[in-house]
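Chemist: Structure supplied as target15.cif; contents: mmCIF, C-alpha atoms.
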data_work
loop_
_atom_site.label_atom_id
_atom_site.label_comp_id
_atom_site.auth_asym_id
_atom_site.auth_seq_id
_atom_site.Cartn_x
_atom_site.Cartn_y
_atom_site.Cartn_z
CA MET A 1 -8.35 -126.31 -136.68
CA SER A 2 -6.82 -122.92 -137.52
CA TRP A 3 -5.52 -124.49 -140.71
CA GLU A 4 -9.06 -125.38 -141.82
CA LYS A 5 -10.43 -122.03 -140.66
CA ASP A 6 -7.83 -120.12 -142.66
CA GLU A 7 -8.50 -122.29 -145.67
CA ALA A 8 -12.24 -121.61 -145.58
CA ARG A 9 -11.77 -117.90 -144.83
CA TRP A 10 -9.28 -117.32 -147.66
CA ALA A 11 -11.51 -119.19 -150.09
CA GLN A 12 -14.44 -117.03 -149.04
CA MET A 13 -12.39 -113.83 -149.26
CA MET A 14 -11.08 -114.73 -152.72
CA GLN A 15 -14.63 -115.31 -153.93
CA GLN A 16 -15.55 -111.84 -152.68
CA ALA A 17 -12.44 -110.41 -154.34
CA GLN A 18 -13.46 -112.00 -157.63
CA GLN A 19 -16.70 -110.04 -157.32
CA GLY A 20 -14.74 -106.80 -156.89
CA ASP A 21 -14.67 -106.29 -153.10
CA SER A 22 -11.56 -104.10 -152.64
CA LYS A 23 -11.47 -104.06 -148.85
CA VAL A 24 -11.64 -107.82 -148.47
CA TYR A 25 -9.06 -108.21 -151.21
CA GLN A 26 -6.70 -105.80 -149.46
CA GLN A 27 -6.99 -107.82 -146.26
CA LEU A 28 -6.53 -111.08 -148.13
CA LEU A 29 -3.37 -109.87 -149.89
CA GLY A 30 -2.00 -108.65 -146.57
CA GLU A 31 -2.52 -112.04 -144.94
CA LEU A 32 -1.23 -113.99 -147.92
CA SER A 33 1.88 -111.84 -148.17
CA THR A 34 2.73 -112.66 -144.56
CA VAL A 35 2.19 -116.38 -145.18
CA ALA A 36 4.31 -116.25 -148.35
CA GLU A 37 7.07 -114.36 -146.55
CA ARG A 38 7.21 -116.90 -143.69
CA PHE A 39 7.12 -119.79 -146.15
CA LEU A 40 9.96 -118.41 -148.29
CA LYS A 41 12.06 -117.54 -145.25
CA ALA A 42 11.64 -121.08 -143.94
CA LYS A 43 12.62 -122.52 -147.31
CA PHE A 44 15.49 -120.23 -148.27
CA GLY A 45 16.55 -118.38 -145.13
CA ASN A 46 16.32 -114.71 -144.27
CA TYR A 47 17.55 -112.73 -147.28
CA ALA A 48 16.80 -109.31 -148.71
CA PHE A 49 15.54 -110.80 -151.98
CA ILE A 50 12.60 -112.45 -150.15
CA GLU A 51 10.75 -109.11 -150.03
CA ASP A 52 11.02 -108.68 -153.83
CA CYS A 53 9.95 -112.28 -154.26
CA VAL A 54 6.88 -111.79 -152.04
CA GLN A 55 5.88 -108.74 -154.06
CA GLU A 56 6.26 -110.71 -157.31
CA CYS A 57 4.01 -113.38 -155.80
CA LEU A 58 1.37 -110.78 -154.92
CA ILE A 59 1.33 -109.50 -158.50
CA SER A 60 0.95 -113.06 -159.79
CA ILE A 61 -1.86 -113.81 -157.35
CA HIS A 62 -3.58 -110.65 -158.56
CA ASN A 63 -3.23 -111.71 -162.21
CA ALA A 64 -4.34 -115.27 -161.45
CA ARG A 65 -7.26 -114.47 -159.14
CA HIS A 66 -9.85 -115.45 -161.75
CA THR A 67 -8.40 -118.99 -161.91
CA TYR A 68 -9.24 -119.78 -158.30
CA ALA A 69 -12.32 -122.02 -158.14
CA PRO A 70 -14.23 -122.14 -154.82
CA GLU A 71 -14.90 -125.86 -155.21
CA HIS A 72 -11.14 -126.51 -155.03
CA PRO A 73 -8.91 -126.02 -151.97
CA PHE A 74 -7.19 -122.65 -151.68
CA ARG A 75 -3.73 -123.60 -150.41
CA PRO A 76 -2.53 -125.73 -153.35
CA TRP A 77 -3.53 -122.92 -155.73
CA PHE A 78 -1.74 -120.31 -153.61
CA PHE A 79 1.45 -122.30 -152.94
CA ALA A 80 1.75 -123.39 -156.58
CA ILE A 81 2.01 -119.71 -157.50
CA VAL A 82 4.40 -118.85 -154.66
CA LYS A 83 6.76 -121.76 -155.42
CA HIS A 84 6.75 -121.07 -159.14
CA LYS A 85 7.43 -117.36 -158.66
CA ALA A 86 10.23 -118.08 -156.18
CA ILE A 87 12.07 -120.38 -158.58
CA ASP A 88 11.39 -118.00 -161.46
CA PHE A 89 12.80 -115.15 -159.41
CA LEU A 90 15.96 -117.05 -158.53
CA ARG A 91 16.48 -118.21 -162.09
CA ALA A 92 16.06 -114.70 -163.48
CA SER A 93 18.40 -113.04 -161.01
CA ASN A 94 21.66 -112.28 -162.80
CA ARG A 95 24.90 -110.51 -162.34
CA ASN A 96 23.21 -107.11 -162.62
CA GLN A 97 21.11 -107.63 -159.53
CA ALA A 98 21.84 -105.55 -156.48
CA ARG A 99 24.26 -107.28 -154.16
CA HIS A 100 22.62 -108.21 -150.91
CA SER A 101 25.68 -109.76 -149.43
CA ASP A 102 27.02 -109.07 -146.00
CA VAL A 103 29.57 -111.83 -146.55
CA ASP A 104 32.85 -111.09 -148.29
CA LEU A 105 33.86 -113.86 -150.65
CA ASP A 106 37.49 -113.52 -149.57
CA THR A 107 36.54 -114.27 -145.99
CA ILE A 108 34.69 -117.41 -147.13
CA LYS A 109 37.95 -118.68 -148.60
CA ASP A 110 39.33 -118.60 -145.12
CA ASP A 111 38.42 -121.81 -143.24
CA SER A 112 37.76 -119.99 -139.98
CA GLN A 113 34.95 -118.06 -141.71
CA LYS A 114 33.42 -121.12 -143.38
CA GLU A 115 30.79 -121.27 -140.70
CA THR A 116 29.13 -118.22 -142.21
CA LEU A 117 28.26 -120.10 -145.36
CA GLU A 118 27.34 -123.28 -143.49
CA ASP A 119 25.07 -121.30 -141.19
CA ARG A 120 23.29 -119.91 -144.18
CA ILE A 121 22.83 -123.36 -145.67
CA ALA A 122 21.48 -124.62 -142.34
CA GLN A 123 18.91 -121.78 -142.31
CA SER A 124 17.28 -123.12 -145.44
CA GLN A 125 15.06 -126.21 -145.27
CA LEU A 126 15.28 -126.69 -149.01
CA LEU A 127 19.04 -126.62 -149.41
CA LYS A 128 19.61 -129.44 -146.94
CA GLY A 129 18.56 -132.02 -149.53
CA LEU A 130 20.99 -130.77 -152.19
CA LYS A 131 24.61 -131.69 -152.93
CA THR A 132 27.17 -129.49 -151.14
CA GLU A 133 28.41 -128.00 -154.43
CA TYR A 134 24.86 -127.00 -155.35
CA GLN A 135 24.18 -125.57 -151.89
CA GLU A 136 27.25 -123.35 -152.17
CA MET A 137 26.30 -122.27 -155.68
CA ILE A 138 22.73 -121.32 -154.74
CA VAL A 139 23.71 -119.43 -151.59
CA LEU A 140 26.54 -117.46 -153.19
CA GLY A 141 25.11 -116.92 -156.66
CA LYS A 142 21.39 -116.63 -156.08
CA PHE A 143 20.82 -115.68 -152.45
CA LEU A 144 23.82 -113.40 -151.99
CA GLY A 145 23.99 -112.17 -155.58
CA TYR A 146 27.62 -112.79 -156.58
CA SER A 147 28.37 -112.65 -160.29
CA VAL A 148 29.48 -115.57 -162.44
CA GLN A 149 32.92 -113.98 -162.73
CA GLU A 150 33.28 -113.65 -158.94
CA LEU A 151 32.13 -117.23 -158.42
CA ALA A 152 34.49 -118.51 -161.11
CA ASP A 153 37.43 -116.77 -159.40
CA HIS A 154 36.37 -117.97 -155.96
CA LEU A 155 35.85 -121.60 -156.98
CA ASN A 156 38.75 -121.77 -159.46
CA MET A 157 36.42 -122.77 -162.25
CA SER A 158 35.75 -121.42 -165.72
CA GLN A 159 32.73 -119.13 -166.16
CA SER A 160 30.97 -121.69 -168.36
CA ALA A 161 31.47 -124.40 -165.71
CA VAL A 162 29.94 -122.05 -163.12
CA LYS A 163 26.96 -121.42 -165.40
CA VAL A 164 26.41 -125.16 -165.94
CA ARG A 165 26.67 -125.91 -162.23
CA MET A 166 24.31 -123.04 -161.40
CA HIS A 167 21.79 -124.28 -163.96
CA ARG A 168 21.91 -127.78 -162.46
CA ALA A 169 21.68 -126.41 -158.93
CA VAL A 170 18.56 -124.39 -159.71
CA LYS A 171 17.04 -127.41 -161.45
CA ALA A 172 17.73 -129.59 -158.41
CA LEU A 173 16.26 -126.92 -156.13
CA LYS A 174 13.13 -126.77 -158.29
CA GLN A 175 12.74 -130.56 -158.14
CA GLN A 176 13.18 -130.49 -154.38
CA PHE A 177 10.63 -127.71 -154.05
CA LYS A 178 8.05 -129.42 -156.26
CA GLY A 179 8.57 -132.85 -154.74
CA GLU A 180 8.02 -131.52 -151.22
CA HIS A 181 4.36 -130.67 -151.67
CA LYS A 182 3.26 -133.11 -154.35
CA GLY A 183 0.35 -134.32 -152.25
CA GLU A 184 -0.99 -130.78 -152.05
CA GLN A 185 -2.19 -130.69 -155.65
CA TYR A 186 -5.91 -131.21 -156.24
CA GLU A 187 -7.92 -133.19 -158.77
CA MET B 1 5.35 -105.41 -143.52
CA SER B 2 7.50 -103.06 -145.63
CA ASN B 3 6.15 -99.74 -146.92
CA SER B 4 6.64 -100.76 -150.52
CA ARG B 5 4.62 -103.94 -149.98
CA THR B 6 1.79 -102.01 -148.31
CA ALA B 7 1.81 -99.57 -151.22
CA LEU B 8 1.70 -102.46 -153.70
CA ILE B 9 -1.26 -104.08 -151.92
CA ASP B 10 -3.09 -100.72 -151.89
CA GLN B 11 -2.42 -100.28 -155.57
CA LEU B 12 -3.57 -103.81 -156.46
CA SER B 13 -6.78 -103.57 -154.45
CA HIS B 14 -7.65 -100.01 -155.50
CA ASP B 15 -10.75 -99.88 -157.76
CA LEU B 16 -10.74 -103.64 -158.04
CA PRO B 17 -12.79 -104.79 -161.01
CA ALA B 18 -14.89 -107.96 -160.77
CA VAL B 19 -13.42 -110.88 -162.72
CA LYS B 20 -15.15 -113.76 -164.45
CA PRO B 21 -13.94 -117.03 -162.91
CA LEU B 22 -12.20 -119.39 -165.31
CA GLY B 23 -14.88 -122.07 -165.22
CA SER B 24 -14.43 -125.78 -165.78
CA THR B 25 -11.15 -126.79 -167.42
CA GLY B 26 -12.85 -129.99 -168.58
CA ARG B 27 -15.33 -127.91 -170.54
CA LEU B 28 -12.51 -125.92 -172.13
CA ALA B 29 -10.82 -129.19 -173.12
CA LEU B 30 -14.04 -130.50 -174.62
CA MET B 31 -14.57 -127.24 -176.50
CA TRP B 32 -11.04 -127.25 -177.90
CA SER B 33 -11.02 -130.90 -178.93
CA THR B 34 -14.50 -130.75 -180.50
CA LEU B 35 -13.70 -127.59 -182.45
CA THR B 36 -10.32 -128.97 -183.51
CA ILE B 37 -11.64 -132.37 -184.61
CA SER B 38 -14.57 -130.81 -186.51
CA ALA B 39 -12.41 -128.19 -188.22
CA ILE B 40 -9.68 -130.64 -189.25
CA ALA B 41 -12.24 -133.21 -190.42
CA CYS B 42 -13.89 -130.53 -192.60
CA LEU B 43 -10.51 -129.48 -194.03
CA LEU B 44 -9.63 -133.11 -194.80
CA VAL B 45 -12.96 -133.75 -196.55
CA LEU B 46 -12.63 -130.54 -198.56
CA THR B 47 -9.03 -131.05 -199.64
CA GLY B 48 -8.87 -134.68 -200.70
CA PRO B 49 -10.40 -138.15 -200.94
CA VAL B 50 -11.89 -140.05 -197.98
CA ARG B 51 -11.59 -143.84 -197.69
CA ASP B 52 -14.92 -145.27 -198.88
CA ALA B 53 -15.27 -148.29 -196.62
CA VAL B 54 -14.15 -146.66 -193.37
CA LEU B 55 -17.35 -147.40 -191.44
CA LEU B 56 -17.29 -151.06 -192.47
CA GLU B 57 -13.64 -151.21 -191.43
CA PHE B 58 -14.52 -149.94 -187.96
CA LEU B 59 -17.14 -152.67 -187.63
CA GLY B 60 -15.32 -155.54 -189.31
CA PHE B 61 -11.70 -155.22 -188.19
CA PRO B 62 -11.41 -155.26 -184.36
CA ARG B 63 -7.66 -154.58 -184.22
CA TYR B 64 -8.08 -151.47 -186.36
CA THR B 65 -10.97 -150.33 -184.12
CA LEU B 66 -8.92 -151.05 -180.99
CA GLY B 67 -6.00 -148.99 -182.31
CA MET B 68 -8.29 -146.08 -183.12
CA LEU B 69 -9.97 -146.21 -179.71
CA VAL B 70 -6.63 -146.29 -177.91
CA GLY B 71 -5.52 -143.31 -180.04
CA LEU B 72 -8.69 -141.43 -179.15
CA ALA B 73 -8.16 -142.17 -175.45
CA SER B 74 -4.61 -140.81 -175.70
CA ILE B 75 -5.91 -137.59 -177.31
CA ALA B 76 -8.60 -137.26 -174.63
CA PHE B 77 -6.10 -137.66 -171.75
CA PHE B 78 -3.70 -135.12 -173.24
CA SER B 79 -6.49 -132.63 -174.03
CA VAL B 80 -7.95 -132.71 -170.52
CA GLY B 81 -4.44 -132.47 -169.03
CA ILE B 82 -3.49 -129.44 -171.14
CA PHE B 83 -6.33 -127.33 -169.86
CA ARG B 84 -5.71 -128.34 -166.26
CA LEU B 85 -2.43 -126.42 -166.59
CA LEU B 86 -4.50 -123.24 -166.82
CA ARG B 87 -5.30 -123.43 -163.11
CA PRO B 88 -2.29 -123.30 -160.73
CA GLY B 89 -1.92 -126.29 -158.43
CA MET B 90 -4.23 -128.59 -160.38
CA LYS B 91 -3.04 -132.16 -160.98
CA ALA B 92 -2.26 -133.00 -164.60
CA ASN B 93 0.72 -135.37 -164.48
CA SER B 94 -1.35 -138.52 -164.04
CA LEU B 95 -3.37 -137.61 -167.13
CA PHE B 96 -0.20 -137.03 -169.14
CA LEU B 97 1.10 -140.39 -167.94
CA MET B 98 -2.10 -142.14 -169.02
CA GLY B 99 -2.01 -140.29 -172.34
CA GLY B 100 1.62 -141.36 -172.84
CA LEU B 101 0.79 -145.00 -172.08
CA CYS B 102 -2.10 -144.98 -174.57
CA LEU B 103 0.12 -143.34 -177.17
CA CYS B 104 2.82 -145.99 -176.68
CA THR B 105 0.18 -148.74 -177.04
CA TRP B 106 -1.16 -147.09 -180.20
CA MET B 107 2.35 -146.83 -181.65
CA GLY B 108 3.04 -150.43 -180.62
CA LEU B 109 -0.06 -151.61 -182.47
CA GLN B 110 1.04 -149.65 -185.54
CA VAL B 111 4.53 -151.18 -185.48
CA ALA B 112 3.03 -154.68 -185.05
CA GLU B 113 0.93 -154.03 -188.16
CA ILE B 114 4.08 -153.95 -190.31
CA TRP B 115 4.14 -157.76 -189.93
CA ALA B 116 0.45 -158.45 -189.28
CA PRO B 117 -1.75 -155.76 -190.85
CA ALA B 118 -5.05 -155.03 -189.11
CA LEU B 119 -6.60 -153.95 -192.43
CA PRO B 120 -5.75 -155.26 -195.89
CA SER B 121 -3.08 -152.83 -197.16
CA SER B 122 -4.30 -150.66 -199.99
CA LEU B 123 -3.23 -147.61 -201.97
CA ASP B 124 -6.87 -146.61 -202.52
CA ASP B 125 -7.69 -143.02 -201.60
CA LYS B 126 -4.05 -142.12 -201.06
CA ARG B 127 -3.71 -138.40 -200.37
CA SER B 128 -0.74 -136.95 -202.21
CA HIS B 129 0.33 -134.51 -199.49
CA CYS B 130 -0.70 -136.23 -196.26
CA PHE B 131 2.69 -135.54 -194.62
CA LEU B 132 2.44 -131.80 -195.19
CA GLU B 133 -1.28 -131.74 -194.41
CA THR B 134 -0.69 -133.34 -191.00
CA ILE B 135 1.70 -130.53 -190.10
CA LEU B 136 -0.33 -127.69 -191.63
CA PHE B 137 -3.69 -128.74 -190.18
CA SER B 138 -2.16 -129.03 -186.70
CA LEU B 139 -1.15 -125.37 -186.68
CA PRO B 140 -4.63 -123.81 -186.34
CA ALA B 141 -5.35 -126.31 -183.55
CA ILE B 142 -2.21 -125.19 -181.69
CA ALA B 143 -3.12 -121.53 -182.27
CA LEU B 144 -6.65 -122.09 -180.95
CA GLY B 145 -5.35 -123.94 -177.89
CA TRP B 146 -2.85 -121.16 -177.22
CA PHE B 147 -5.58 -118.55 -177.55
CA ILE B 148 -7.84 -120.41 -175.09
CA SER B 149 -4.93 -120.91 -172.68
CA ARG B 150 -4.63 -117.13 -172.31
CA LYS B 151 -7.86 -117.25 -170.32
CA GLY B 152 -6.02 -119.05 -167.51
CA PHE B 153 -2.78 -118.51 -165.61
CA VAL B 154 -0.23 -120.97 -166.91
CA LEU B 155 2.81 -121.52 -164.71
CA ASN B 156 4.59 -123.90 -167.08
CA ARG B 157 4.18 -122.49 -170.58
CA GLY B 158 6.80 -124.86 -171.99
CA ALA B 159 4.86 -127.96 -170.98
CA LEU B 160 1.62 -126.45 -172.19
CA LEU B 161 2.97 -125.68 -175.68
CA THR B 162 4.71 -129.03 -176.06
CA ILE B 163 1.68 -131.10 -175.10
CA LEU B 164 -0.59 -128.83 -177.12
CA GLY B 165 1.61 -129.47 -180.17
CA LEU B 166 1.58 -133.21 -179.50
CA SER B 167 -2.16 -133.32 -178.97
CA ALA B 168 -2.96 -131.23 -182.07
CA GLY B 169 -0.63 -133.42 -184.14
CA LEU B 170 -2.23 -136.60 -182.80
CA ILE B 171 -5.74 -135.37 -183.63
CA THR B 172 -4.67 -134.75 -187.25
CA ALA B 173 -2.85 -138.10 -187.40
CA TRP B 174 -5.90 -139.88 -185.97
CA LEU B 175 -8.14 -138.37 -188.63
CA MET B 176 -5.57 -139.22 -191.32
CA GLN B 177 -5.91 -142.86 -190.24
CA VAL B 178 -9.59 -142.55 -191.16
CA VAL B 179 -9.36 -140.71 -194.48
CA CYS B 180 -5.99 -141.62 -196.06
CA MET B 181 -4.77 -144.95 -197.51
CA TYR B 182 -4.03 -147.61 -194.86
CA GLU B 183 -0.63 -149.22 -194.74
CA ALA B 184 1.42 -149.55 -191.56
CA LYS B 185 4.72 -148.10 -192.84
CA HIS B 186 2.91 -145.28 -194.59
CA ASN B 187 0.99 -144.49 -191.39
CA LEU B 188 4.13 -144.38 -189.28
CA LEU B 189 6.14 -142.27 -191.73
CA PHE B 190 3.51 -139.94 -193.17
CA HIS B 191 0.93 -139.62 -190.40
CA PHE B 192 2.92 -139.98 -187.17
CA GLY B 193 6.26 -138.67 -188.46
CA PRO B 194 4.84 -135.15 -188.87
CA VAL B 195 3.61 -135.22 -185.25
CA ALA B 196 7.22 -135.63 -184.11
CA ILE B 197 8.23 -132.77 -186.41
CA THR B 198 5.43 -130.55 -185.06
CA VAL B 199 6.49 -131.23 -181.46
CA ALA B 200 10.15 -130.58 -182.34
CA CYS B 201 9.21 -127.27 -184.02
CA VAL B 202 7.16 -126.20 -181.00
CA LEU B 203 10.07 -127.07 -178.68
CA GLY B 204 12.51 -125.16 -180.91
CA PHE B 205 10.22 -122.15 -180.99
CA GLN B 206 9.94 -122.19 -177.20
CA MET B 207 13.70 -122.38 -176.73
CA MET B 208 14.16 -119.48 -179.14
CA VAL B 209 11.65 -117.33 -177.27
CA GLN B 210 13.20 -118.28 -173.92
CA LYS B 211 16.71 -117.38 -175.09
CA LYS B 212 15.46 -114.07 -176.48
CA SER B 213 13.80 -113.20 -173.17
CA GLU B 214 16.93 -114.15 -171.22
CA ARG B 215 19.08 -111.73 -173.28
#
Please re-express this file's structure in structure tokens.

Modeler:
Amino acid sequence: MSWEKDEARWAQMMQQAQQGDSKVYQQLLGELSTVAERFLKAKFGNYAFIEDCVQECLISIHNARHTYAPEHPFRPWFFAIVKHKAIDFLRASNRNQARHSDVDLDTIKDDSQKETLEDRIAQSQLLKGLKTEYQEMIVLGKFLGYSVQELADHLNMSQSAVKVRMHRAVKALKQQFKGEHKGEQYE
Amino acid sequence: MSNSRTALIDQLSHDLPAVKPLGSTGRLALMWSTLTISAIACLLVLTGPVRDAVLLEFLGFPRYTLGMLVGLASIAFFSVGIFRLLRPGMKANSLFLMGGLCLCTWMGLQVAEIWAPALPSSLDDKRSHCFLETILFSLPAIALGWFISRKGFVLNRGALLTILGLSAGLITAWLMQVVCMYEAKHNLLFHFGPVAITVACVLGFQMMVQKKSER
């Protein structure tokens, strides 16, 4: 019931926002940012980059607000933007990004500390469907922000092999993400 | 909620201007395809000969008519699909699948015509530069589609450009089947070949832009 109520309310609020109602729009963005934050935390786990990602989503929603049509459901429109921005954000993050890690790579090498990485993988609904090597790559490279060089040293691989594996991992993550909510698109 | 997020929301909602909703994507598709077909048809008439008996061929040769109708259906599916990409979350894959199936059928009919022509083969009204024309006349159609697409919010620009290139190329190739000489091998090489080149160029351009932005 609340699901349907929210749907109708957000659609109504977005229509008002399209007509230039600042107050309603402010409230709508506030609510949507909370929903996006919860969604991304459920999918990826609790990381510092989620906040940046949510803000990127808000900017995209702002730029796309004229494309929302009241005759169509609100959620598919909203989540399409959130999912796309999240993958875009992960793909664009590179070695220059701020390190968010509270995990030292050297401690991960140690088997007794392996749980730390596994815990992080378990936190994320999305990663569970991926191969172990991709899970590790995404968590270390994208969520925790380690550089290609650091990953190459840690995994005893060449830098180009790390880049290829990272590319494939992000692609697999994107497929997983898109496949999850296929039924949510509208005609 | 973090302070920076609150500040961002305040900034985004401050002095919010009213926006004009995007409107029907079907109407945009119709506008683009009508403008494109009319403009390319005019260019073709102005720049070279047109097959004299084309209307009689439509009426008297059912396999030719079937091929052209399937081709038109393929263009329609792709065109409607392209403009659905302007609205996030809107389904377009089924349209692209249908468009792809129609295109394969159209190509299949063309290949079959190498052995069993649908129309008597003729060199009449051969256009000397149909290969180049197919590529050149597709470009304004791609540019127009790209310009219209800026009205929306495209999440997958790569897919949009590729299918726009394919669709624009197919429209030109379809019209070439009406105005230029009719012979199966000629059609495949000089009318459909350039479509593949146009799509490859669009893909190459995209990759170049993507690499530049990644640097």

Chemist: Please find the residues of chain B near chain A - the criterion being any atom within 6 Å, counting only C-alpha atoms - and write them as a list in words.

Modeler: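 Those within range of chain A come out as Ser13, Leu16, Pro17, Ala18, Val19, Pro21, Leu22, Arg87, Pro88, Gly89, Met90, Lys91 and Phe153 of chain B.
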
Chemist: Residues within 12 Å of B:Arg127, please, as a PyMOL selection string. Count all atoms listed in the file; anything in the same chain fewer than 5 positions from it doesn't count.

Modeler: chain B and resi 44-45+47-51+132-134+176-182+186-187+190-191

Chemist: So, counting only C-alpha atoms, which residue among B:Trp106, B:Phe83, B:Phe147, B:Phe96 is closest to B:Met68?

Modeler: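 For B:Met68, the nearest of the candidates is B:Trp106.
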
Chemist: If you apply the PyMOL selection byres ((chain B and resi 201-204) around 8) to this file, what residues do you get, as an mmCIF file with C-alpha atoms, keeping the file's coordinate frame?

Modeler:
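That gives us expr.cif:
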data_model
loop_
_atom_site.group_PDB
_atom_site.id
_atom_site.type_symbol
_atom_site.label_atom_id
_atom_site.label_comp_id
_atom_site.auth_asym_id
_atom_site.auth_seq_id
_atom_site.Cartn_x
_atom_site.Cartn_y
_atom_site.Cartn_z
ATOM 1 C CA GLY B 158 6.800 -124.860 -171.990
ATOM 2 C CA LEU B 161 2.970 -125.680 -175.680
ATOM 3 C CA THR B 162 4.710 -129.030 -176.060
ATOM 4 C CA GLY B 165 1.610 -129.470 -180.170
ATOM 5 C CA ILE B 197 8.230 -132.770 -186.410
ATOM 6 C CA THR B 198 5.430 -130.550 -185.060
ATOM 7 C CA VAL B 199 6.490 -131.230 -181.460
ATOM 8 C CA ALA B 200 10.150 -130.580 -182.340
ATOM 9 C CA PHE B 205 10.220 -122.150 -180.990
ATOM 10 C CA GLN B 206 9.940 -122.190 -177.200
ATOM 11 C CA MET B 207 13.700 -122.380 -176.730
ATOM 12 C CA MET B 208 14.160 -119.480 -179.140
#

Chemist: Calculate how many Å separate atom CA of A:Ala152 from atom CA of A:Ser93, rounding to one decimal.

Modeler: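 Between atom CA of A:Ala152 and atom CA of A:Ser93 the gap is 17.0 Å.
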
Chemist: Hey, what's within 10 Å of A:Gly45 if we count all atoms listed in the file and toss same-chain stuff fewer than 2 positions away? As a list in words, please?

Modeler: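 The neighbour list is Arg38, Phe39, Leu40, Lys41, Ala42, Lys43, Tyr47, Ala48, Ile50, Asp119, Arg120, Ile121, Ala122, Gln123, Ser124, Gln125, Leu126, Leu127, Val139 and Phe143 of chain A.
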
Chemist: Please save C-alpha atoms of the selected residues as a compact mmCIF listing (two decimals), keeping the file's coordinate frame.

Modeler:
# COMPACT_ATOMS: atom_id res chain seq x y z
CA ARG A 38 7.21 -116.90 -143.69
CA PHE A 39 7.12 -119.79 -146.15
CA LEU A 40 9.96 -118.41 -148.29
CA LYS A 41 12.06 -117.54 -145.25
CA ALA A 42 11.64 -121.08 -143.94
CA LYS A 43 12.62 -122.52 -147.31
CA TYR A 47 17.55 -112.73 -147.28
CA ALA A 48 16.80 -109.31 -148.71
CA ILE A 50 12.60 -112.45 -150.15
CA ASP A 119 25.07 -121.30 -141.19
CA ARG A 120 23.29 -119.91 -144.18
CA ILE A 121 22.83 -123.36 -145.67
CA ALA A 122 21.48 -124.62 -142.34
CA GLN A 123 18.91 -121.78 -142.31
CA SER A 124 17.28 -123.12 -145.44
CA GLN A 125 15.06 -126.21 -145.27
CA LEU A 126 15.28 -126.69 -149.01
CA LEU A 127 19.04 -126.62 -149.41
CA VAL A 139 23.71 -119.43 -151.59
CA PHE A 143 20.82 -115.68 -152.45

Chemist: Compile the contact shell of B:Pro120 as JSON, numbers by chain: residues with an atom at most 9 Å away, counting all atoms listed in the file, same-chain residues fewer than 2 positions apart removed.

Modeler: {"B": [117, 118, 122, 182, 183]}

Chemist: Between B:Phe78, B:Phe61, B:Trp32, B:Phe192, which has the minimum distance to B:Ile135 (counting all atoms listed in the file)?

Modeler: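 Closest candidate: B:Phe192.
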
Chemist: For B:Met31, find every residue with an atom within 12 Å (counting only C-alpha atoms), except residues of its own chain fewer than 3 positions away, and show them as number ranges by chain.

Modeler: B: 24-28, 34-39, 76, 79-80, 83, 141, 144-145, 148

Chemist: So how many Å separate atom CA of A:Leu130 and atom CA of A:Val170, to one decimal?

Modeler: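 For atom CA of A:Leu130 relative to atom CA of A:Val170, the distance reads 10.2 Å.
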
Chemist: What is the atom CA of B:Val70 to atom CA of B:Leu136 distance in Å?

Modeler: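 Result for atom CA of B:Val70 versus atom CA of B:Leu136: 24.0 Å, one decimal.
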
Chemist: Residues at most 12 Å from A:Lys163, counting only C-alpha atoms, excluding those fewer than 4 positions away in the same chain, as a ChimeraX atom specification?

Modeler: /A:91,94-95,134,137-138,141-142,147-152,157-159,167-170

Chemist: Give, as lines of an AutoDock Vina configuration file, the centre coordinates and the x, y and z edge lengths in Å to one decimal for an axis-aligned box around all listed atoms of stretch 72-79 of chain A, padded by 3 Å on each side.

Modeler:
center_x = -4.8
center_y = -123.4
center_z = -153.1
size_x = 18.6
size_y = 12.2
size_z = 11.3

Chemist: Smallest atom-to-atom distance to A:Ile87: which of B:Ile9, B:Leu155, B:Ala116, B:Ala173, using all atoms listed in the file?

Modeler: B:Leu155

Chemist: Applied to this file, what does the PyMOL selection byres ((chain B and resi 98) around 12) return in terms of residues, put as a list of chain:residue names?

Modeler: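 So the PyMOL selection byres ((chain B and resi 98) around 12), applied here, picks out B:Val70, B:Gly71, B:Ala73, B:Ser74, B:Ile75, B:Ala76, B:Phe77, B:Phe78, B:Ser79, B:Val80, B:Gly81, B:Ala92, B:Asn93, B:Ser94, B:Leu95, B:Phe96, B:Leu97, B:Gly99, B:Gly100, B:Leu101, B:Cys102, B:Leu103, B:Cys104, B:Thr105.
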